[in-house]
Each structure stands twice: as C-alpha cells, then as structure tokens.
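Asker: Here you go, this is query38.txt (compact mmCIF, C-alpha atoms).
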```
# COMPACT_ATOMS: atom_id res chain seq x y z
CA MET A 1 -8.61 -16.16 -3.65
CA SER A 2 -6.45 -19.22 -4.18
CA ALA A 3 -5.06 -21.05 -1.17
CA ALA A 4 -1.50 -20.12 -2.22
CA ALA A 5 -2.37 -16.42 -2.50
CA ALA A 6 -4.19 -16.47 0.84
CA ASP A 7 -1.22 -18.20 2.48
CA LEU A 8 1.24 -15.67 1.04
CA LEU A 9 -0.86 -12.74 2.24
CA LEU A 10 -1.19 -14.26 5.71
CA ARG A 11 2.58 -14.79 5.92
CA CYS A 12 3.23 -11.21 4.77
CA GLN A 13 0.73 -9.83 7.29
CA ALA A 14 2.31 -11.82 10.12
CA SER A 15 5.83 -10.84 9.10
CA LEU A 16 5.10 -7.12 8.85
CA GLN A 17 3.01 -7.15 12.05
CA SER A 18 5.86 -8.89 13.88
CA ALA A 19 8.48 -6.46 12.55
CA ALA A 20 6.36 -3.46 13.59
CA ALA A 21 5.67 -4.93 17.05
CA ALA A 22 9.38 -5.55 17.61
CA ASP A 23 10.44 -2.06 16.48
CA SER A 24 10.55 0.36 19.42
CA HIS A 25 10.77 3.41 17.13
CA PHE A 26 7.58 2.41 15.29
CA GLN A 27 5.83 1.60 18.59
CA ALA A 28 6.71 5.05 19.98
CA LEU A 29 5.18 6.77 16.94
CA ALA A 30 2.07 4.72 16.16
CA GLY A 31 -1.13 4.08 18.07
CA GLY A 32 -1.82 0.85 16.23
CA LEU A 33 -1.53 -1.04 12.95
CA GLN A 34 -4.19 -2.69 10.78
CA LEU A 35 -3.22 -5.01 7.90
CA PRO A 36 -6.15 -5.79 5.57
CA SER A 37 -5.36 -7.71 2.37
CA ARG A 38 -6.94 -8.40 -1.02
CA THR A 39 -6.39 -10.09 -4.36
CA LYS A 40 -7.02 -8.40 -7.70
CA SER A 41 -10.34 -9.52 -9.16
CA LEU A 42 -10.40 -11.55 -12.36
CA TYR A 43 -12.45 -8.78 -13.95
CA SER A 44 -9.75 -6.17 -13.16
CA ILE A 45 -7.03 -8.47 -14.48
CA MET A 46 -8.99 -9.00 -17.69
CA ARG A 47 -9.56 -5.25 -18.16
CA LYS A 48 -5.87 -4.55 -17.70
CA LEU A 49 -4.87 -7.34 -20.12
CA LEU A 50 -7.29 -6.06 -22.78
CA ARG A 51 -5.43 -2.73 -22.70
CA LEU A 52 -2.05 -4.40 -23.30
CA ASN A 53 -1.64 -3.09 -26.85
CA ASP A 54 -3.20 0.33 -26.28
CA PRO A 55 -0.64 2.86 -24.95
CA ALA A 56 -3.33 5.57 -24.74
CA ALA A 57 -5.29 3.37 -22.32
CA GLY A 58 -2.34 2.78 -19.99
CA SER A 59 -1.07 -0.38 -21.60
CA ARG A 60 1.27 -2.70 -19.75
CA ARG A 61 3.05 -5.89 -20.57
CA LEU A 62 1.93 -8.93 -18.60
CA ALA A 63 5.23 -8.84 -16.69
CA GLN A 64 4.33 -5.30 -15.54
CA MET A 65 1.25 -6.39 -13.59
CA TYR A 66 2.54 -5.78 -10.09
CA ASP A 67 -0.75 -5.66 -8.24
CA LEU A 68 -2.26 -9.13 -8.17
CA LEU A 69 -2.06 -9.27 -4.36
CA GLY A 70 -2.54 -6.40 -1.97
CA LEU A 71 -1.65 -5.74 1.63
CA ARG A 72 -2.54 -2.39 3.18
CA ALA A 73 -1.01 -1.37 6.46
CA VAL A 74 -3.02 1.36 8.16
CA VAL A 75 -0.99 3.16 10.82
CA LEU A 76 -3.30 4.57 13.47
CA PRO A 77 -2.39 7.75 15.36
CA ARG A 78 -1.66 7.70 19.06
CA GLN A 79 -4.64 8.70 21.21
CA ASP A 80 -2.47 9.98 24.06
CA MET A 81 -1.07 12.92 22.07
CA PRO A 82 -2.57 16.18 20.83
CA ALA A 83 -4.04 15.74 17.34
CA GLY A 84 -1.31 17.65 15.49
CA GLU A 85 1.49 15.77 17.23
CA ALA A 86 -0.28 12.44 16.73
CA GLU A 87 -0.65 13.13 13.00
CA ALA A 88 3.03 14.07 12.64
CA ALA A 89 4.06 10.95 14.59
CA ALA A 90 1.81 8.73 12.41
CA VAL A 91 3.42 10.15 9.27
CA GLN A 92 6.86 9.33 10.69
CA ALA A 93 5.54 5.87 11.55
CA CYS A 94 4.49 5.42 7.90
CA TYR A 95 8.04 6.06 6.74
CA ARG A 96 9.40 3.76 9.46
CA LEU A 97 6.99 0.99 8.44
CA GLN A 98 8.09 1.37 4.84
CA GLU A 99 11.71 0.95 5.99
CA LEU A 100 10.73 -2.21 7.88
CA ALA A 101 8.97 -3.61 4.81
CA HIS A 102 11.92 -2.75 2.54
CA ALA A 103 14.24 -4.56 4.97
CA GLN A 104 12.14 -7.73 4.55
CA TRP A 105 11.35 -7.54 0.84
CA PRO A 106 13.48 -5.64 -1.68
CA PRO A 107 11.64 -2.83 -3.48
CA ALA A 108 11.39 -3.00 -7.27
CA PRO A 109 13.48 -0.20 -8.82
CA GLY A 110 11.42 2.81 -9.89
CA ARG A 111 8.20 1.46 -8.34
CA SER A 112 7.93 3.66 -5.23
CA LYS A 113 5.83 6.81 -4.87
CA ASP A 114 5.62 9.26 -1.98
CA TYR A 115 2.16 10.83 -1.94
CA ILE A 116 2.71 12.08 1.61
CA ALA A 117 5.44 14.53 0.54
CA GLN A 118 3.49 15.34 -2.65
CA PRO A 119 -0.23 14.69 -2.04
CA LYS A 120 -2.57 14.16 -4.97
CA PRO A 121 -4.90 17.06 -5.88
CA ASN A 122 -7.81 15.31 -4.14
CA GLY A 123 -5.82 15.18 -0.85
CA TYR A 124 -4.85 11.49 -1.11
CA GLN A 125 -1.69 10.79 0.91
CA SER A 126 0.19 7.49 1.07
CA LEU A 127 3.45 5.75 0.35
CA HIS A 128 3.51 3.14 -2.42
CA SER A 129 6.27 0.59 -3.01
CA THR A 130 6.26 -2.48 -5.20
CA LEU A 131 8.16 -5.20 -3.38
CA SER A 132 9.80 -8.37 -4.67
CA MET A 133 8.30 -11.43 -3.02
CA THR A 134 7.14 -14.88 -4.06
CA ALA A 135 4.46 -12.88 -5.86
CA ARG A 136 4.86 -9.16 -6.55
CA GLN A 137 3.15 -6.92 -4.04
CA GLN A 138 2.93 -3.18 -3.63
CA LEU A 139 3.33 -1.46 -0.29
CA GLN A 140 1.08 1.52 0.25
CA GLN A 141 1.06 3.51 3.45
CA HIS A 142 -1.69 5.95 4.46
CA ASN A 143 -2.65 7.97 7.44
CA SER A 144 -6.19 7.35 8.75
CA SER A 145 -7.59 10.76 7.82
CA SER A 146 -6.40 10.46 4.22
CA SER A 147 -7.63 6.87 4.13
CA SER A 148 -11.15 7.84 5.17
CA SER A 149 -11.30 10.95 2.97
CA SER A 150 -9.82 9.15 -0.02
CA SER A 151 -12.31 6.32 0.51
CA ARG A 152 -14.98 8.80 -0.51
CA SER A 153 -13.14 9.67 -3.73
CA ILE A 154 -13.93 7.58 -6.79
CA ALA A 155 -10.52 8.39 -8.26
CA SER A 156 -8.79 7.18 -5.10
CA GLN A 157 -10.87 4.01 -5.00
CA HIS A 158 -9.88 3.30 -8.59
CA LYS A 159 -6.23 3.99 -7.82
CA ARG A 160 -6.24 1.63 -4.86
CA ARG A 161 -8.09 -1.12 -6.70
CA CYS A 162 -6.05 -1.00 -9.88
CA SER A 163 -2.52 -0.20 -8.71
CA LEU A 164 -2.36 -1.88 -5.37
CA SER A 165 -0.32 -4.96 -4.76
CA CYS A 166 0.94 -4.97 -1.20
CA CYS A 167 -0.23 -1.95 0.63
CA CYS A 168 0.77 -0.24 3.87
CA CYS A 169 -1.09 2.86 4.96
CA CYS A 170 -0.58 5.46 7.67
CA CYS A 171 -3.78 6.97 9.00
CA CYS A 172 -4.36 10.10 11.05
```
Could you rewrite the structure in this file as structure tokens?

Answerer:
Amino acid sequence: MSAAAADLLLRCQASLQSAAAADSHFQALAGGLQLPSRTKSLYSIMRKLLRLNDPAAGSRRLAQMYDLLGLRAVVLPRQDMPAGEAEAAAVQACYRLQELAHAQWPPAPGRSKDYIAQPKPNGYQSLHSTLSMTARQQLQQHNSSSSSSSSRSIASQHKRRCSLSCCCCCCC
C-alpha cells in the first residue's frame, strides 16, 4: 500500500469513526463500530484491466474502476438488547452510518446497492455505495451475522475483493 493510499484510508477511518461517535442516533442503535481497510491488489487490478475489451467477462473502462481502496465499517449489535431487537437496531444503524458517510462524501450516481432490503441468494446482506473522494471508494455496510456467514461463501469473498472500494458493514 502506498503512503498516500494508507494516509487517505486512515483519514477516512478517523472521519467516519468521529461522525459515528458524535451521532446520538447511531450510538443508540449500535453496540460498536469496526473500520478495517484494504487496497486492491496489483493482481486484481491487472485481471480487471485484461477484461477491459471483453463485455462477456464484465469489462470496464479504466475510469470505471471504483474499488482501488476499501474501507469496511462493521456495525456491531448492542449486547444489552434481546437478539431480535439488537439485529433490527443494527440494521437501522447501517442505514444511519450510510447517511453519515454520504454527508461527508457525495455518492456516485447509480453506484449504490441495498442488499439488506434485497439479500443475495446466498444470504449476503450489506449496503454498498461508491463515494467521491480524493480517490474513489465504495461504502459497504454489513451486519455481523451476514459478515461472518458471507465470509464462508466463495462468491461473497469474490464480491468483496473485486467490487469493494470503501466499505461500511452492519453486523448482527
């Protein structure tokens, strides 16, 4: 990871962590927040670039590579609530965290997906938003139960690795 990329990710982590800590609505819903980050590997970038002229392989123009940097925000459920209530509150916290992120960094038009309202067939649930920053990042929000179950799914691992830029996740 370059020093500039590491610095950008650290600033984004600090900014989102600060916004969440200052937001009483988020604090009332969530039991905690984790913000791991990553950069896209050179191998993944090369694979994506080699598909540039092949629409059947999911081709993209270079300007459409939105996922060079990634930040995942994992919203943890409250431990002082019954499990069902804690899960519902964590889901609401995911949406609130997405609002906080969108207030800081404008979302790219047409680059948001709500997999909480419409889960994937393998049960994967998250919110994804590509945000405009110094470098493009995608915001993905998961709940902890979908994060751990989707971690076991090869398809979900591939999705996170190849389409993630700045990521926020809500976990129950």

Asker: Can you pull out every residue within 6 Å of stretch 32-46 of chain A, counting all atoms listed in the file, but drop anything in the same chain fewer than 6 positions away, and send it as number ranges by chain?

Answerer: A: 68-76

Asker: Mind dumping a table of every stretch 25-93 of chain A residue within 12 Å of stretch 110-114 of chain A, with the nearest atom pair and its distance in Å to one decimal, using only C-alpha atoms, sorted by chain and rising number, as a Markdown table?

Answerer:
```
| residue | atom | partner | partner_atom | distance |
| --- | --- | --- | --- | --- |
| A:Gln64 | CA | A:Arg111 | CA | 10.6 |
| A:Met65 | CA | A:Arg111 | CA | 11.7 |
| A:Tyr66 | CA | A:Arg111 | CA | 9.4 |
| A:Asp67 | CA | A:Arg111 | CA | 11.4 |
| A:Val91 | CA | A:Asp114 | CA | 11.5 |
```

Asker: Enter the distance from atom CA of A:Ala88 to atom CA of A:Ile116, in Å, rounded to one decimal.

Answerer: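 Straight-line distance from atom CA of A:Ala88 to atom CA of A:Ile116 works out to 11.2 Å.
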
Asker: If you measure from atom CA of A:Tyr95 to atom CA of A:Met81, what distance in Å do you get, rounded to one decimal?

Answerer: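 Computed distance, atom CA of A:Tyr95 to atom CA of A:Met81, equals 19.1 Å.
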
Asker: Go ahead and compute the interatomic distance for atom CA of A:Pro107 and atom CA of A:Ser132, in Å to one decimal.

Answerer: 6.0 Å
